[in-house]
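Down below is the structure, laid out as structure tokens.
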Amino acid sequence: MKSNKKEIIFENYKPMKDLINGKTSRRDFIKWLGFSTASVTLAACKGPVIKSIPYIVKPESITPGIPNYYASTMIDSFDIGSVLVKTREGRPIKIEPNSSSEFFHTTSARIQSSLLSLYDEERLKNPFLKGQKSSWKNIDNYIIQHLKYLSKTKKDIIFLSYSFPSFSTKKLIQDFKKKYPSTKWVIYDPISYSKVLDASKKIFGIRGFPVFDLKKSELIISFDADFLGDWCPENMAQSYVFNRKPKKNMMQHIQIESNMTITGANADFRLSKKPSDIKKILIEIFQNIFFGKKIKDKNAKKIISLIKKMGSKCVILADGDQESYEISFLINIKINSLALQEKKYFLSKESNDHEFKNFLKSLEKGNIGALFIHNVNPIYSLPLSISKKIIEFIKKIPLTVSFSTNKDETNEIMDVLAPIPHWLESWGDTCPVTNVCTLTQPTIQRIFNTRQFQDSLIIWSGIKEKNYYEYLKKVWEKNIIPQSNVASFNEALFHGVVTLTKNHNHSSSSILINEKIQEYGKRKKTIDPKIKKSFELRLYTKISMGDGSQYNNPWLQELPDPITRTTWDNYLTISYFDANKIGLKNWNSGDGSLNGNCVNLIKNNKIIIQNLPIFIQPGQAVGSVGLAFGYGQKKGKLSHMINGKNAYKCYENFHIIQNDIQIEKVDKIHKFACVQLHHTTVGRNLVKETDLDVFLNNPKEIWNEEEKVLTHKGMLPTEKISIWNQNHKKEKNGHHFNLSIDLNACIGCGACIIACHSENNVPVVGKKEIEKSRDMHWLRIDRYYCADKNEENNHEENIYKNPKVVFQPIMCQHCDHAPCETVCPVGATSHGEQGQNMMTYNRCIGTRYCANNCPYKVRRFNWFNYANNSKFDFNMNNTLGKMVLNPDVVIRTRGVMEKCSLCIQRTQYTIGVAKKENRKIKDEEFETACSTSCPTKAITFGDANNSNSLIYKKINNSRSYKLLDFIGVRPNVSYQLKIRNKRKME
């Protein structure tokens, strides 16, 4: 009789069901990897749309194990970037910079993290009509019927959108307007750029953000402008560090600010002043330059002398109100600053406060018949005085439609929810800079039943093109390609960015400029007495949250703030001296967490925000407080885990500075999720630094002394001491990988941390685990404060008053004599021939001896299974979220140690490709995730055995040193000491 064993096996073999339930083995997972996961339709697993053009030419069909790269443009309500999207088996898994683009070619933490939002299981999956799930056909019929009726009335059809500098979309709106003439497009950015754009219009004749190129500048004076953060639409870090290399004409950076920012942390001189005092100094400097008026402020006198000395090699940057921008622009014109680029403007921001206020008036009067809101959340992001009123006004509009990717506060009051795809699933274009256009192309088929905003407009207005792709291509072939540096639409897709040949002539009236000069020349520098008695609130953006559009992104929530080193929260930053007066404290608790008092924030005798935790911030200006945007949303899975507060409630008249603020202490105690509780190096020489003059005029032994150890043979360098009996001069064969970090170039932005998360499948552990110091970051950026040695009283109070700040990225140092290797009882951690300290995960038994013996404290222990664990309900706990995982890196389990591997999967892939092509490897081919993403190229990786490589030059540079080298562990990671240009302001 024939056995039915085979039938029984296949009857119970249900791989897709097992995959969904998380019961598959690693072998089954690899089998099904090409099909991604069951939560996505089979169409989505076919890879990008057939019309997309890979950035690197690959076979037409997807080859398992081989990545494809697509040039695209990331854009949301706050960020924009030219990027390369790495896909594997038809799914995007990594965002990297597009170096072929001249602008927006760096990838911040937010731009990289937007990848994870693609795989958010809480995305809107279907259209809704009146709260009920519907079909696109029903939605179209409903909207077209209303639009036809409204076209016969005098009521306006309003499209409310964030800044969307899309040439094709603007053309599409114009075509839509031909059928519905009462259509208006209103720009609303949650964080408004209107004041700088209005200032630019008056001074330069164009509503665009002036482009500043800092490469030729030798002096930057910033008046509260966080230009290494989000002050400018483009990240200015790369331009900034270009001339920060230690040499005779090294750039000097003076920062005058109220909050401690990463820009202030990187400054050579930082003056801590509240916003009203900053503007007073700015006006004094303006009046001296233009009218020769005497200056009373001693700091302003020193700054004036420097400006006159440096002339056109100086640049003035300012933030705050429109007047501050206008004054700074006028000064730059007067001194003929080389940084200010002629006829070059960022056009990615189009905020217009005046138009938006007119929209609110029309809304109040009932003049609006239809409101289409495109991916903004005004109910959440408008100030308290407006947000409550606007709800009732919107409810009275006959037709309200929301184009959104996720559920939010505004969606709750809209008639129609028309879900739109993620930018990685979309077509599109932008014109973010004068004479520059970019393209967005889909890198995966749409996962859910979504439709682009533009496709809906085409259907509702009866445009002849079948879809937005055809419309986009037609517009580009007619209007963009003929006057660009490419010959076809496909070539434009290949590069992702094109340059236009046409010239824009913009000029403003010299009469108007003279009027402004005379106006500010007569301006009195007095301060309102009310401001003196109360606090001044400076609203700001964190590098993780931005405007809050990615609030439900766990990578960003767990990214430590570079200054405060806290995660998952916002808080009111306050100076040590103001906190003492009110009786506010931060303290460390017994479980290793940071606690703090809470306050109520009051304006006009009304409580605006209750139970707001305070964070005593060294360097915070006395009389000022700071609060970050982007927190306090009530929708989304992560909102239940976070106690953040909504700073938009205070954002009256779109002013980032709010006066007449009072705070009162309440009984509530807040527990912070902080990854660094110590603020100084406690006298240890961990971060070496020196002044520029010392560096230029003294030998290396003075400013980078080699560390020696006392032995029976006397003081010897660590190179000559070892517990191993071996010839240290023996040449190492093959590749030997090293990493170098230039502390002069590292600005602490955290882009490398997210890149590491994305590349190496680092788990998110949540706020509760961070409170217990159980973070899993493979890479951290330590931040240290110290008092200025030039201060007369060099003690703790000076650290709180105006500290010097330094950042130091720390990852596994991959020691040649690794102390972790000698204590592992099972040989799980070992040293590779290429210089990498390696982990054999399936041998590790979790003794944690290696972590105890590591002097750098960079090894991470898996206290739990972070994947498939309902207690850690992040991307690794659902089938859709798992699609972001890199298949080249295994997921670690409970009880296993993990740490930086110097991206061994990337180095081995590079070696394999070169071997297959029978060629030598180029130096630039060796990259880690962190070195690729670093906007300032502070991190250099490569083969130290290649004497022509950049890493070889870095590690043999006179500024190079190794952290804790005196221990004798011989790390393969080196640092280049920090140099400040502390030449006195004469």
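Ordered as shown in the structure tokens, chains take letters A, B, and onward, while each chain numbers its residues from 1 and ligands are numbered from 1 in the order shown.
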For this session: May I have the residues within 8 Å of stretch 621-629 of chain A as a count of residues only, using only C-alpha atoms and disregarding those fewer than 5 positions away in the same chain?
Result: 33
For this session: Name all residues at most 12 Å from A:Ala487 (count only C-alpha atoms; drop same-chain ones fewer than 3 positions away) and give them as a count of residues only.
Result: 17
Problem set entry | Residue neighbourhood A:Leu129, 9 Å, only C-alpha atoms, exclusion window fewer than 5 positions, as a PyMOL selection string | chain A and resi 134-135+138-139+142+414-418
Exercise. Near A:Glu96, within 7 Å and counting only C-alpha atoms, which residues show up once chain neighbours fewer than 6 positions away are dropped, as a list in words?
Worked result: Val83, Leu84, Val85, Thr107 and Ser933 of chain A
Problem set entry | Using only C-alpha atoms: which of A:Gln905, A:Thr87, A:Asn586, A:Asn141 has the shortest distance to A:Met838 |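 Checking each of A:Gln905, A:Thr87, A:Asn586, A:Asn141 against A:Met838, counting only C-alpha atoms, the winner is A:Gln905.
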Problem set entry | Residues of stretch 108-313 of chain A in strand (DSSP E or B), written as a VMD selection string | chain A and resid 123 128 to 129 132 to 133 156 to 161 183 to 187 209 to 212 219 to 223 252 to 257 269 to 272
Shell of 9 Å around A:Ala370, only C-alpha atoms, local chain residues under 2 positions omitted, as a PDB file with all heavy atoms, in the first residue's frame:
ATOM      1  N   HIS A 146     -20.803  67.273  -6.457  1.00  0.00           N
ATOM      2  CA  HIS A 146     -20.708  68.495  -5.657  1.00  0.00           C
ATOM      3  C   HIS A 146     -19.982  69.607  -6.401  1.00  0.00           C
ATOM      4  O   HIS A 146     -20.369  70.778  -6.319  1.00  0.00           O
ATOM      5  CB  HIS A 146     -19.994  68.198  -4.326  1.00  0.00           C
ATOM      6  CG  HIS A 146     -20.884  67.642  -3.265  1.00  0.00           C
ATOM      7  ND1 HIS A 146     -21.341  66.343  -3.287  1.00  0.00           N
ATOM      8  CD2 HIS A 146     -21.428  68.222  -2.157  1.00  0.00           C
ATOM      9  CE1 HIS A 146     -22.098  66.128  -2.229  1.00  0.00           C
ATOM     10  NE2 HIS A 146     -22.177  67.262  -1.518  1.00  0.00           N
ATOM     11  N   LEU A 147     -18.917  69.261  -7.119  1.00  0.00           N
ATOM     12  CA  LEU A 147     -18.160  70.269  -7.855  1.00  0.00           C
ATOM     13  C   LEU A 147     -18.998  70.916  -8.952  1.00  0.00           C
ATOM     14  O   LEU A 147     -18.906  72.124  -9.193  1.00  0.00           O
ATOM     15  CB  LEU A 147     -16.893  69.647  -8.446  1.00  0.00           C
ATOM     16  CG  LEU A 147     -15.770  69.294  -7.452  1.00  0.00           C
ATOM     17  CD1 LEU A 147     -14.640  68.568  -8.171  1.00  0.00           C
ATOM     18  CD2 LEU A 147     -15.242  70.542  -6.758  1.00  0.00           C
ATOM     19  N   LEU A 150     -21.226  73.353  -7.250  1.00  0.00           N
ATOM     20  CA  LEU A 150     -20.498  74.513  -6.749  1.00  0.00           C
ATOM     21  C   LEU A 150     -20.060  75.442  -7.874  1.00  0.00           C
ATOM     22  O   LEU A 150     -19.908  76.648  -7.677  1.00  0.00           O
ATOM     23  CB  LEU A 150     -19.269  74.056  -5.950  1.00  0.00           C
ATOM     24  CG  LEU A 150     -19.563  73.423  -4.584  1.00  0.00           C
ATOM     25  CD1 LEU A 150     -18.317  72.774  -4.017  1.00  0.00           C
ATOM     26  CD2 LEU A 150     -20.107  74.463  -3.615  1.00  0.00           C
ATOM     27  N   LYS A 155     -19.290  80.374  -4.506  1.00  0.00           N
ATOM     28  CA  LYS A 155     -18.435  79.940  -3.402  1.00  0.00           C
ATOM     29  C   LYS A 155     -17.098  79.400  -3.925  1.00  0.00           C
ATOM     30  O   LYS A 155     -17.023  78.817  -4.992  1.00  0.00           O
ATOM     31  CB  LYS A 155     -19.145  78.889  -2.556  1.00  0.00           C
ATOM     32  CG  LYS A 155     -20.320  79.462  -1.770  1.00  0.00           C
ATOM     33  CD  LYS A 155     -20.744  78.548  -0.654  1.00  0.00           C
ATOM     34  CE  LYS A 155     -21.803  79.212   0.234  1.00  0.00           C
ATOM     35  NZ  LYS A 155     -22.156  78.373   1.385  1.00  0.00           N
ATOM     36  N   ASP A 156     -16.060  79.596  -3.102  1.00  0.00           N
ATOM     37  CA  ASP A 156     -14.705  79.212  -3.493  1.00  0.00           C
ATOM     38  C   ASP A 156     -14.464  77.715  -3.298  1.00  0.00           C
ATOM     39  O   ASP A 156     -15.022  77.087  -2.384  1.00  0.00           O
ATOM     40  CB  ASP A 156     -13.670  79.982  -2.664  1.00  0.00           C
ATOM     41  CG  ASP A 156     -13.665  81.460  -2.986  1.00  0.00           C
ATOM     42  OD1 ASP A 156     -14.031  81.808  -4.128  1.00  0.00           O
ATOM     43  OD2 ASP A 156     -13.304  82.256  -2.096  1.00  0.00           O
ATOM     44  N   ILE A 157     -13.620  77.178  -4.169  1.00  0.00           N
ATOM     45  CA  ILE A 157     -13.096  75.819  -4.013  1.00  0.00           C
ATOM     46  C   ILE A 157     -11.639  75.976  -3.609  1.00  0.00           C
ATOM     47  O   ILE A 157     -10.823  76.479  -4.382  1.00  0.00           O
ATOM     48  CB  ILE A 157     -13.216  75.013  -5.325  1.00  0.00           C
ATOM     49  CG1 ILE A 157     -14.682  74.877  -5.728  1.00  0.00           C
ATOM     50  CG2 ILE A 157     -12.558  73.646  -5.185  1.00  0.00           C
ATOM     51  CD1 ILE A 157     -14.886  74.293  -7.119  1.00  0.00           C
ATOM     52  N   ILE A 158     -11.306  75.563  -2.395  1.00  0.00           N
ATOM     53  CA  ILE A 158      -9.983  75.819  -1.829  1.00  0.00           C
ATOM     54  C   ILE A 158      -9.179  74.515  -1.734  1.00  0.00           C
ATOM     55  O   ILE A 158      -9.665  73.513  -1.226  1.00  0.00           O
ATOM     56  CB  ILE A 158     -10.087  76.446  -0.427  1.00  0.00           C
ATOM     57  CG1 ILE A 158     -10.853  77.773  -0.486  1.00  0.00           C
ATOM     58  CG2 ILE A 158      -8.697  76.647   0.171  1.00  0.00           C
ATOM     59  CD1 ILE A 158     -10.169  78.869  -1.243  1.00  0.00           C
ATOM     60  N   PHE A 159      -7.948  74.584  -2.222  1.00  0.00           N
ATOM     61  CA  PHE A 159      -6.979  73.517  -1.988  1.00  0.00           C
ATOM     62  C   PHE A 159      -5.976  74.034  -0.964  1.00  0.00           C
ATOM     63  O   PHE A 159      -5.259  75.007  -1.227  1.00  0.00           O
ATOM     64  CB  PHE A 159      -6.259  73.138  -3.283  1.00  0.00           C
ATOM     65  CG  PHE A 159      -7.078  72.294  -4.208  1.00  0.00           C
ATOM     66  CD1 PHE A 159      -7.900  72.888  -5.150  1.00  0.00           C
ATOM     67  CD2 PHE A 159      -7.045  70.908  -4.125  1.00  0.00           C
ATOM     68  CE1 PHE A 159      -8.671  72.120  -6.004  1.00  0.00           C
ATOM     69  CE2 PHE A 159      -7.814  70.133  -4.978  1.00  0.00           C
ATOM     70  CZ  PHE A 159      -8.631  70.730  -5.925  1.00  0.00           C
ATOM     71  N   ILE A 368     -16.702  79.556   1.524  1.00  0.00           N
ATOM     72  CA  ILE A 368     -16.039  78.392   0.930  1.00  0.00           C
ATOM     73  C   ILE A 368     -17.043  77.261   0.732  1.00  0.00           C
ATOM     74  O   ILE A 368     -17.727  76.850   1.665  1.00  0.00           O
ATOM     75  CB  ILE A 368     -14.864  77.926   1.815  1.00  0.00           C
ATOM     76  CG1 ILE A 368     -13.812  79.044   1.915  1.00  0.00           C
ATOM     77  CG2 ILE A 368     -14.228  76.653   1.258  1.00  0.00           C
ATOM     78  CD1 ILE A 368     -12.677  78.751   2.859  1.00  0.00           C
ATOM     79  N   PHE A 372     -10.355  71.147   0.049  1.00  0.00           N
ATOM     80  CA  PHE A 372      -9.513  69.978  -0.173  1.00  0.00           C
ATOM     81  C   PHE A 372      -8.210  70.199   0.602  1.00  0.00           C
ATOM     82  O   PHE A 372      -7.471  71.140   0.303  1.00  0.00           O
ATOM     83  CB  PHE A 372      -9.212  69.795  -1.659  1.00  0.00           C
ATOM     84  CG  PHE A 372     -10.421  69.526  -2.512  1.00  0.00           C
ATOM     85  CD1 PHE A 372     -11.181  70.577  -3.012  1.00  0.00           C
ATOM     86  CD2 PHE A 372     -10.801  68.234  -2.810  1.00  0.00           C
ATOM     87  CE1 PHE A 372     -12.285  70.345  -3.797  1.00  0.00           C
ATOM     88  CE2 PHE A 372     -11.910  67.981  -3.606  1.00  0.00           C
ATOM     89  CZ  PHE A 372     -12.659  69.037  -4.095  1.00  0.00           C
ATOM     90  N   ILE A 397     -18.864  73.505   5.843  1.00  0.00           N
ATOM     91  CA  ILE A 397     -18.572  73.506   4.404  1.00  0.00           C
ATOM     92  C   ILE A 397     -19.274  72.323   3.738  1.00  0.00           C
ATOM     93  O   ILE A 397     -19.200  71.195   4.234  1.00  0.00           O
ATOM     94  CB  ILE A 397     -17.044  73.427   4.172  1.00  0.00           C
ATOM     95  CG1 ILE A 397     -16.350  74.652   4.789  1.00  0.00           C
ATOM     96  CG2 ILE A 397     -16.712  73.327   2.688  1.00  0.00           C
ATOM     97  CD1 ILE A 397     -14.833  74.596   4.731  1.00  0.00           C
ATOM     98  N   PRO A 398     -19.951  72.520   2.602  1.00  0.00           N
ATOM     99  CA  PRO A 398     -20.701  71.436   1.932  1.00  0.00           C
ATOM    100  C   PRO A 398     -19.843  70.239   1.532  1.00  0.00           C
ATOM    101  O   PRO A 398     -20.288  69.093   1.624  1.00  0.00           O
ATOM    102  CB  PRO A 398     -21.286  72.125   0.688  1.00  0.00           C
ATOM    103  CG  PRO A 398     -21.328  73.578   1.035  1.00  0.00           C
ATOM    104  CD  PRO A 398     -20.167  73.820   1.941  1.00  0.00           C
ATOM    105  N   LEU A 399     -18.606  70.488   1.064  1.00  0.00           N
ATOM    106  CA  LEU A 399     -17.742  69.396   0.611  1.00  0.00           C
ATOM    107  C   LEU A 399     -16.357  69.551   1.235  1.00  0.00           C
ATOM    108  O   LEU A 399     -15.676  70.554   1.022  1.00  0.00           O
ATOM    109  CB  LEU A 399     -17.615  69.407  -0.921  1.00  0.00           C
ATOM    110  CG  LEU A 399     -16.636  68.384  -1.526  1.00  0.00           C
ATOM    111  CD1 LEU A 399     -17.078  66.959  -1.234  1.00  0.00           C
ATOM    112  CD2 LEU A 399     -16.478  68.610  -3.023  1.00  0.00           C
ATOM    113  N   THR A 400     -15.939  68.560   2.009  1.00  0.00           N
ATOM    114  CA  THR A 400     -14.594  68.568   2.604  1.00  0.00           C
ATOM    115  C   THR A 400     -13.908  67.250   2.279  1.00  0.00           C
ATOM    116  O   THR A 400     -14.467  66.176   2.488  1.00  0.00           O
ATOM    117  CB  THR A 400     -14.651  68.755   4.137  1.00  0.00           C
ATOM    118  OG1 THR A 400     -15.494  67.750   4.710  1.00  0.00           O
ATOM    119  CG2 THR A 400     -15.181  70.129   4.492  1.00  0.00           C
ATOM    120  N   VAL A 401     -12.720  67.367   1.741  1.00  0.00           N
ATOM    121  CA  VAL A 401     -11.962  66.188   1.313  1.00  0.00           C
ATOM    122  C   VAL A 401     -10.557  66.264   1.890  1.00  0.00           C
ATOM    123  O   VAL A 401      -9.905  67.312   1.828  1.00  0.00           O
ATOM    124  CB  VAL A 401     -11.877  66.101  -0.234  1.00  0.00           C
ATOM    125  CG1 VAL A 401     -11.108  64.853  -0.665  1.00  0.00           C
ATOM    126  CG2 VAL A 401     -13.260  66.123  -0.847  1.00  0.00           C
TER     127      VAL A 401
END
Problem set entry | Distance in Å - atom CA of A:Ile810 versus atom CA of A:Arg783 | 10.6 Å
